[in-house]
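Everything below concerns the one structure shown next.
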Amino acid sequence: MLIGKACRFGGRVTSCVVKPLACLFTTSSNMAKSKFEYVRNFETDDSCLRNCYIVVRLDGRNFHKFADQHKFTKPNDNRALGLMSQSARSVMAELEDIVIAYGQSDEFSFVFKRTTTLFKRRASKLMTHVASQFSSSYVFYWKEFFGEQPLLYPPSFDGRVVLYPSNRNLRDYLSWRQADCHINNLYNTVFWTLVQKGGLTTAQAEDRLKGTLAADKNEILFSEFDINYNNESALHRKGTTLIWEKRDETITKRMKLPNEEEKDVPVIRSRRRVEAYHCDIIGDQFWEEHPDILEDNNS
């Protein structure tokens, strides 16, 4: 497009200068080539090593305080655990390269497949996207789990990225997190039982449990309170494992028949959905039943 500029001398137009309209504006491409572009050289290449599972683990920041101020049920609040799982589902729906996620208490780990190229495998992009999606989902779904109980202030989650090169390494990582779930939940179950049913103060309960092993804690629950720890909720003992699974569902579709008549016909279609499991993932059975989670070590 051309634009003209008229020059007047003595009341008469004596000349006209014509310029392309593009010359009057600075384009974004020109801006990108400005003298300031050198600052991009300060950015660090944080691309994750290829052929490794990328694990992003989130942990609630100051969640002891958050749980106290929001009056979470001790030792486990099913509303809070449900909200954590729903937030994790939201992350998986947004980032379908996550093949498995595992969560317990105020943490969740998300495993990206070894061959992912999402965000060019940049650790900072993956971690910040997971953290922001999870945190915003936690706030978004709060009322669905806590009803009219107000959210007093925004929660926050810190994240880290760890790479695991083999299936064995990844399984050992997830086993570590589930073992941590068992250790913490057994302690908390006994601790709060001593407080809520045994009448001890928190200081007395802590002193009572010093130096005790798992067998000792189980004995306290069974002999003093008639509680068999193995009968406690699997959600609390095992945590939550989320994976993708195909599920057949029947929908009704209106179709035109050969005689031109329209009729509602049931149609079965297969869809991928995130399914939750509260089971042992340390042994082999879970992995044998879901062989598609892990990739071939030679791929």
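Starting from 1 in every chain, residues are counted up; chains themselves are A, B, ... following the order of the structure tokens, and ligands are numbered from 1 as listed.
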(request) Just the residues within 9 Å of A:Ser270, please, counting only C-alpha atoms, with nothing from its chain fewer than 4 positions along; format it as a list in words. (result)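 That gives Lys246, Arg247, Asp248, Glu249 and Thr250 of chain A.
Once stretch 186-197 of chain A and its same-chain neighbours fewer than 2 positions away are set aside, Lys74, Pro75, Asn76, Cys181, His182, Ile183, Asn184, Gly199, Leu200, Thr201, Thr202, Gln204, Ala205, Glu206, Arg208, Leu209, Ala214, Lys217, Asn218, Ile220, Leu221, Phe225, Tyr229 and Arg237 of chain A remain within 9 Å of it when counting only C-alpha atoms.
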I need the chosen residues saved as an mmCIF file, in the first residue's frame, with C-alpha atoms.
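Output file selection.cif is given in full below:
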```
data_model
loop_
_atom_site.group_PDB
_atom_site.id
_atom_site.type_symbol
_atom_site.label_atom_id
_atom_site.label_comp_id
_atom_site.auth_asym_id
_atom_site.auth_seq_id
_atom_site.Cartn_x
_atom_site.Cartn_y
_atom_site.Cartn_z
ATOM 1 C CA LYS A 74 -6.548 -36.419 60.621
ATOM 2 C CA PRO A 75 -4.828 -38.683 59.694
ATOM 3 C CA ASN A 76 -6.367 -38.689 56.189
ATOM 4 C CA CYS A 181 3.370 -43.672 51.497
ATOM 5 C CA HIS A 182 3.213 -46.844 53.618
ATOM 6 C CA ILE A 183 5.770 -45.621 56.171
ATOM 7 C CA ASN A 184 4.130 -42.212 56.615
ATOM 8 C CA GLY A 199 -6.300 -39.634 74.969
ATOM 9 C CA LEU A 200 -2.611 -38.753 74.589
ATOM 10 C CA THR A 201 -1.350 -35.323 73.733
ATOM 11 C CA THR A 202 0.562 -34.935 70.455
ATOM 12 C CA GLN A 204 3.026 -37.851 74.367
ATOM 13 C CA ALA A 205 2.077 -39.735 71.189
ATOM 14 C CA GLU A 206 5.310 -38.664 69.509
ATOM 15 C CA ARG A 208 5.452 -43.149 72.601
ATOM 16 C CA LEU A 209 6.377 -43.884 68.986
ATOM 17 C CA ALA A 214 6.496 -51.216 61.754
ATOM 18 C CA LYS A 217 3.101 -49.868 65.398
ATOM 19 C CA ASN A 218 0.891 -52.646 64.062
ATOM 20 C CA ILE A 220 -0.223 -50.959 69.184
ATOM 21 C CA LEU A 221 -3.124 -50.621 66.749
ATOM 22 C CA PHE A 225 -7.462 -50.410 69.665
ATOM 23 C CA TYR A 229 -3.865 -51.939 59.692
ATOM 24 C CA ARG A 237 -2.110 -47.377 52.466
#
```
Please, which residues in stretch 128-229 of chain A fall within 8 Å of stretch 51-55 of chain A when counting only C-alpha atoms, and what is the closest atom pair and distance in Å to one decimal for each, ordered by chain then residue number, as CSV?
```
residue,atom,partner,partner_atom,distance
A:Val161,CA,A:Val55,CA,5.6
A:Val162,CA,A:Val55,CA,5.2
A:Leu163,CA,A:Ile54,CA,4.9
A:Tyr164,CA,A:Tyr53,CA,5.1
A:Pro165,CA,A:Cys52,CA,4.3
A:Ser166,CA,A:Cys52,CA,7.0
A:Leu170,CA,A:Tyr53,CA,7.4
```
(request) Check the smallest atom-to-atom distance from each of A:Asn62, A:Asn228, A:Glu245, A:Leu235 to A:Pro291 using only C-alpha atoms, then report the winner. (result)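 Of A:Asn62, A:Asn228, A:Glu245, A:Leu235, the one nearest A:Pro291, counting only C-alpha atoms, is A:Glu245.
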(request) Report the distance between atom CA of A:Tyr153 and atom CA of A:Ser135 in Å, rounded to one decimal place. (result) 12.2 Å
(request) Name all residues at most 12 Å from A:Ala179 (count only C-alpha atoms; drop same-chain ones fewer than 5 positions away) and give them as number ranges by chain. (result) A: 103-104, 171-174, 184-186, 237-239, 280-283
(message) I'd like the interatomic distance between atom CA of A:Phe286 and atom CA of A:Phe110, to a tenth of an Å.
(response) 17.4 Å
(message) DSSP on the backbone: which residues in stretch 97-158 of chain A end up as strand (DSSP E)? Give the answer as JSON, numbers by chain.
(response) {"A": [98, 99, 100, 101, 102, 103, 104, 107, 108, 109, 110, 111, 112, 157, 158]}
Selected residues written out with C-alpha atoms, as a PDB file, in the first residue's frame:
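Result file again.pdb:
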```pdb
ATOM      1  CA  ILE A  98       2.116 -38.668  30.662  1.00  0.00           C
ATOM      2  CA  VAL A  99       1.855 -42.463  30.826  1.00  0.00           C
ATOM      3  CA  ILE A 100       1.443 -42.878  34.588  1.00  0.00           C
ATOM      4  CA  ALA A 101       1.079 -40.683  37.656  1.00  0.00           C
ATOM      5  CA  TYR A 102       1.388 -41.613  41.310  1.00  0.00           C
ATOM      6  CA  GLY A 103       0.251 -39.561  44.284  1.00  0.00           C
ATOM      7  CA  GLN A 104       0.002 -39.718  48.056  1.00  0.00           C
ATOM      8  CA  GLU A 107       2.595 -34.967  46.406  1.00  0.00           C
ATOM      9  CA  PHE A 108       2.123 -36.283  42.873  1.00  0.00           C
ATOM     10  CA  SER A 109       4.643 -37.645  40.372  1.00  0.00           C
ATOM     11  CA  PHE A 110       3.997 -37.485  36.620  1.00  0.00           C
ATOM     12  CA  VAL A 111       5.907 -39.746  34.239  1.00  0.00           C
ATOM     13  CA  PHE A 112       6.352 -38.647  30.623  1.00  0.00           C
ATOM     14  CA  PHE A 157       3.338 -26.588  44.802  1.00  0.00           C
ATOM     15  CA  ASP A 158       7.051 -26.800  44.113  1.00  0.00           C
TER      16      ASP A 158
END
```
(request) Select from stretch 55-182 of chain A everything DSSP, run on the backbone, classes as alpha helix (DSSP H), then give the selection as a PyMOL selection string. (result) chain A and resi 63-69+78-94+123-140+142-146+167-182
